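Enquirer: Quick one: this structure, given as structure tokens, is what I'll be asking you about.
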Amino acid sequence: MKKKDKKKFKRKDIRLKNISIDNIEHFENMNIIEEKRAKKKKFEKGEQSSKANLVLKKGRIIEVKSNNYCNVEIDNKLLECSVSGRLKMIDFNTRTLISVGDFVNVDFSQEPRIEELLPRKNTLSRFVDNSLQTEIVIASNIDQVIITAAYRMPDLKLGLIDRYICAAKIAGISPIICINKIDLAASIEDVKQELLFYEQNNFKVIFTSIIDNTGLDELRDTLINKDSVFSGHSGAGKSSLINILQPEINLKVAEISEYHQKGVHTTTSSKLIPWSFGGYLVDTPGIKTFSLHSKQKQLLPKIFPGFAKYSLDCKFQDCSHTHEIQCGVLNAVENGYIPEERYNSYLRILETL
Ligand SMILES: Nc1nc2c(ncn2[C@@H]2O[C@H](COP(=O)(O)OP(=O)(O)O)[C@@H](O)[C@H]2O)c(=O)[nH]1
Ligand SMILES: [Mg+2]
Ligand SMILES: [Zn+2]
């Protein structure tokens with residue numbers, strides 16, 4: 001290269017560096033993302049050449065012991081497997097890449113190692129700093145969430161149930177409602193009346209008590225051969241119900257004084273615990289609730305319990321059922337088909353997102 005040319009190149013370089021970047025943070029993030037993309041590509045290339053030697057078997061992650069080790073169920077046996085480094089890079093937006101409930105391919109050509117994550121049917125996630133970018137997957141491939149609420153102690157709040165139902169629907173997990181401590185009700189018929197709206201809208205509602213054993217058979221029948229997570233406020237009786245269905249699980253039951261102490265838990269990692277009657281209990285210590293994210297706000301008008309059939313009459317497809325003309329939901333509220341209390345609960349959830 002001639003001396004003259006060299007100078008030219010240098011000047012260009014300087015000019016580039018002087019371009020102002022409005023959002024330097026964004027730019028830096030892009031760099032990191034590009035870097036990771038390049039790394040991932042490199043790994044994929046490497047994988048192609050070595051893949052021929054892999055001896056793969058499908059399994060399911062039952063417990064995540066650390067970032068590097070998992071207990072995997074393969075052919076009805078539990079096996080500790082390491083996690084391929086390549087897998088830790090695939091989705092860099094997600095902090096926890098593999099989770100309990102994941103179906104994976106394990107390589108047996110050497111020490112058993114998880115090589116492939118199979119597509120998920122759904123995930124139970126938590127968002128750090130309310131940002132979709134930092135999603136923490138708590139569990140995957142779950143059939144149903146048992147939304148557990150006490151009838152009394154603490155008092156039943158249907159608004160909370162609405163919230164859980166919405167979160168479950170957005171996650172693609174079937175919600176089941178379980179009203180526990182029904183022994184504290186003067187009349188079970190009155191409680192059933194309070195929950196009628198949900199039953200009318202095809203939600204399964206189970207009324208239970210560990211004091212007089214109400215509804216325990218029905219609860220067990222609902223759990224058979226399904227993978228279920230219990231969700232609900234502290235003190236609702238989740239651990240008590242699980243323990244009475246399967247005493248060997250022996251979860252810690254809170255003292256009454258511990259009701260408002262959030263985050264009381266005894267184990268440190270999530271796991272799938274097999275029920276003696278088939279299916280798994282998804283045990284997620286420390287996370288008793290799963291949350292709605294503000295970016296999911298636009299889904300709410302479509303999935304709020306009992307709204308779907310009336311929103312067919314809304315003039316606008318993206319109707320928020322708040323101020324629009326010709327709104328099927330507002331009409332249904334006016335005519336008493338949707339209880340005002342439920343509609344107000346909808347507005348409260350909208351507001352908080
Ligand atoms: N009266 C009554 N108390 C219950 C029932 N189920 C649980 N409890 C009590 O409620 C409290 C909280 O129960 P726990 O299982 O720890 O709730 P969790 O936080 O949802 O796991 C404990 O003192 C239980 O004994 C029930 O069906 N009836
Ligand atoms: Mg508990
Ligand atoms: Zn509407």
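By order of appearance in the structure tokens: chains A, B, ..., then residues from 1 within every chain, and ligands from 1 in the order shown.
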Using only C-alpha atoms and all ligand atoms, find each protein or nucleic acid residue lying at most 6 Å from ligand 3; present the set as a compact mmCIF listing (two decimals) with N, CA and C atoms, in the first residue's frame.
Expert:
# COMPACT_ATOMS: atom_id res chain seq x y z
N SER A 311 -67.07 -10.26 23.75
CA SER A 311 -66.23 -9.37 22.94
C SER A 311 -66.39 -9.64 21.44
N CYS A 314 -68.06 -6.72 20.01
CA CYS A 314 -67.40 -5.41 20.02
C CYS A 314 -67.19 -4.95 18.58
N CYS A 319 -60.73 -3.84 20.86
CA CYS A 319 -61.49 -3.11 21.88
C CYS A 319 -60.91 -3.37 23.27
N SER A 320 -60.74 -2.31 24.04
CA SER A 320 -60.22 -2.47 25.40
C SER A 320 -61.37 -2.59 26.40
N HIS A 321 -62.59 -2.53 25.92
CA HIS A 321 -63.81 -2.61 26.75
C HIS A 321 -63.81 -1.53 27.84
N CYS A 327 -69.52 -1.75 22.50
CA CYS A 327 -68.65 -2.73 23.17
C CYS A 327 -69.50 -3.84 23.77
N GLY A 328 -69.27 -5.06 23.32
CA GLY A 328 -70.05 -6.21 23.78
C GLY A 328 -69.88 -6.47 25.26
N VAL A 329 -68.69 -6.21 25.76
CA VAL A 329 -68.42 -6.47 27.18
C VAL A 329 -69.15 -5.44 28.05
Enquirer: Give me, as JSON lines, the closest atom pair and its distance (Å, one decimal) for every residue of chain A within a cut-off of 7 Å of ligand 2, counting only C-alpha atoms and all ligand atoms, rows sorted by chain and rising number.
Expert:
{"residue": "A:Ser234", "atom": "CA", "partner": "ligand 2", "partner_atom_place_in_ligand_line": "1 (Mg)", "distance": 6.5}
{"residue": "A:Gly235", "atom": "CA", "partner": "ligand 2", "partner_atom_place_in_ligand_line": "1 (Mg)", "distance": 6.9}
{"residue": "A:Gly237", "atom": "CA", "partner": "ligand 2", "partner_atom_place_in_ligand_line": "1 (Mg)", "distance": 6.7}
{"residue": "A:Lys238", "atom": "CA", "partner": "ligand 2", "partner_atom_place_in_ligand_line": "1 (Mg)", "distance": 5.4}
{"residue": "A:Ser239", "atom": "CA", "partner": "ligand 2", "partner_atom_place_in_ligand_line": "1 (Mg)", "distance": 4.2}
{"residue": "A:Leu251", "atom": "CA", "partner": "ligand 2", "partner_atom_place_in_ligand_line": "1 (Mg)", "distance": 6.9}
{"residue": "A:Lys252", "atom": "CA", "partner": "ligand 2", "partner_atom_place_in_ligand_line": "1 (Mg)", "distance": 6.2}
{"residue": "A:Val253", "atom": "CA", "partner": "ligand 2", "partner_atom_place_in_ligand_line": "1 (Mg)", "distance": 5.6}
{"residue": "A:Ala254", "atom": "CA", "partner": "ligand 2", "partner_atom_place_in_ligand_line": "1 (Mg)", "distance": 6.4}
Enquirer: Skipping near chain neighbours, those fewer than 2 positions away, what residues fall within 8 Å of A:Leu184 using only C-alpha atoms, listed as an MDAnalysis selection string?
Expert: chainID A and resid 151:152 181:182 186
Enquirer: Please write the residues from the selection above to a file, keeping all heavy atoms, as a compact mmCIF listing (two decimals), in the first residue's frame.
Expert:
# COMPACT_ATOMS: atom_id res chain seq x y z
N TYR A 151 -60.72 -19.70 51.67
CA TYR A 151 -62.01 -19.00 51.77
C TYR A 151 -61.94 -17.95 52.88
O TYR A 151 -62.38 -16.82 52.71
CB TYR A 151 -63.15 -19.99 52.01
CG TYR A 151 -64.46 -19.25 52.12
CD1 TYR A 151 -64.95 -18.54 51.04
CD2 TYR A 151 -65.18 -19.22 53.33
CE1 TYR A 151 -66.12 -17.81 51.13
CE2 TYR A 151 -66.35 -18.51 53.43
CZ TYR A 151 -66.82 -17.80 52.33
OH TYR A 151 -67.97 -17.06 52.43
N ARG A 152 -61.34 -18.36 54.00
CA ARG A 152 -61.07 -17.42 55.10
C ARG A 152 -59.64 -17.66 55.59
O ARG A 152 -59.11 -18.75 55.42
CB ARG A 152 -62.03 -17.64 56.26
CG ARG A 152 -63.45 -17.25 55.96
CD ARG A 152 -63.67 -15.75 56.18
NE ARG A 152 -65.05 -15.37 55.83
CZ ARG A 152 -65.44 -14.95 54.62
NH1 ARG A 152 -64.56 -14.87 53.63
NH2 ARG A 152 -66.69 -14.63 54.39
N LYS A 181 -59.92 -24.29 52.72
CA LYS A 181 -60.41 -23.92 54.06
C LYS A 181 -61.93 -23.70 54.04
O LYS A 181 -62.45 -22.81 54.71
CB LYS A 181 -59.71 -22.64 54.58
CG LYS A 181 -58.18 -22.72 54.51
CD LYS A 181 -57.52 -21.69 55.39
CE LYS A 181 -56.02 -21.63 55.10
NZ LYS A 181 -55.29 -20.69 55.94
N ILE A 182 -62.59 -24.54 53.24
CA ILE A 182 -64.04 -24.41 53.10
C ILE A 182 -64.73 -24.77 54.43
O ILE A 182 -65.88 -24.41 54.65
CB ILE A 182 -64.52 -25.29 51.91
CG1 ILE A 182 -65.81 -24.76 51.33
CG2 ILE A 182 -64.59 -26.75 52.25
CD1 ILE A 182 -65.64 -23.47 50.57
N ALA A 186 -69.77 -20.87 56.61
CA ALA A 186 -71.00 -21.25 57.27
C ALA A 186 -71.80 -22.17 56.34
O ALA A 186 -72.38 -23.16 56.79
CB ALA A 186 -71.82 -20.01 57.61
Enquirer: Pick from A:Ile170, A:Val72, A:Ile211, A:Ile325: nearest to ligand 1, with only C-alpha atoms and all ligand atoms counted?
Expert: A:Ile211
Enquirer: Would you list the contacts of A:Asp183 as a PyMOL selection string, taking every protein, DNA or RNA residue within 10 Å and counting only C-alpha atoms, but skipping same-chain residues closer than 5 positions in sequence?
Expert: chain A and resi 151-152+188+207-214
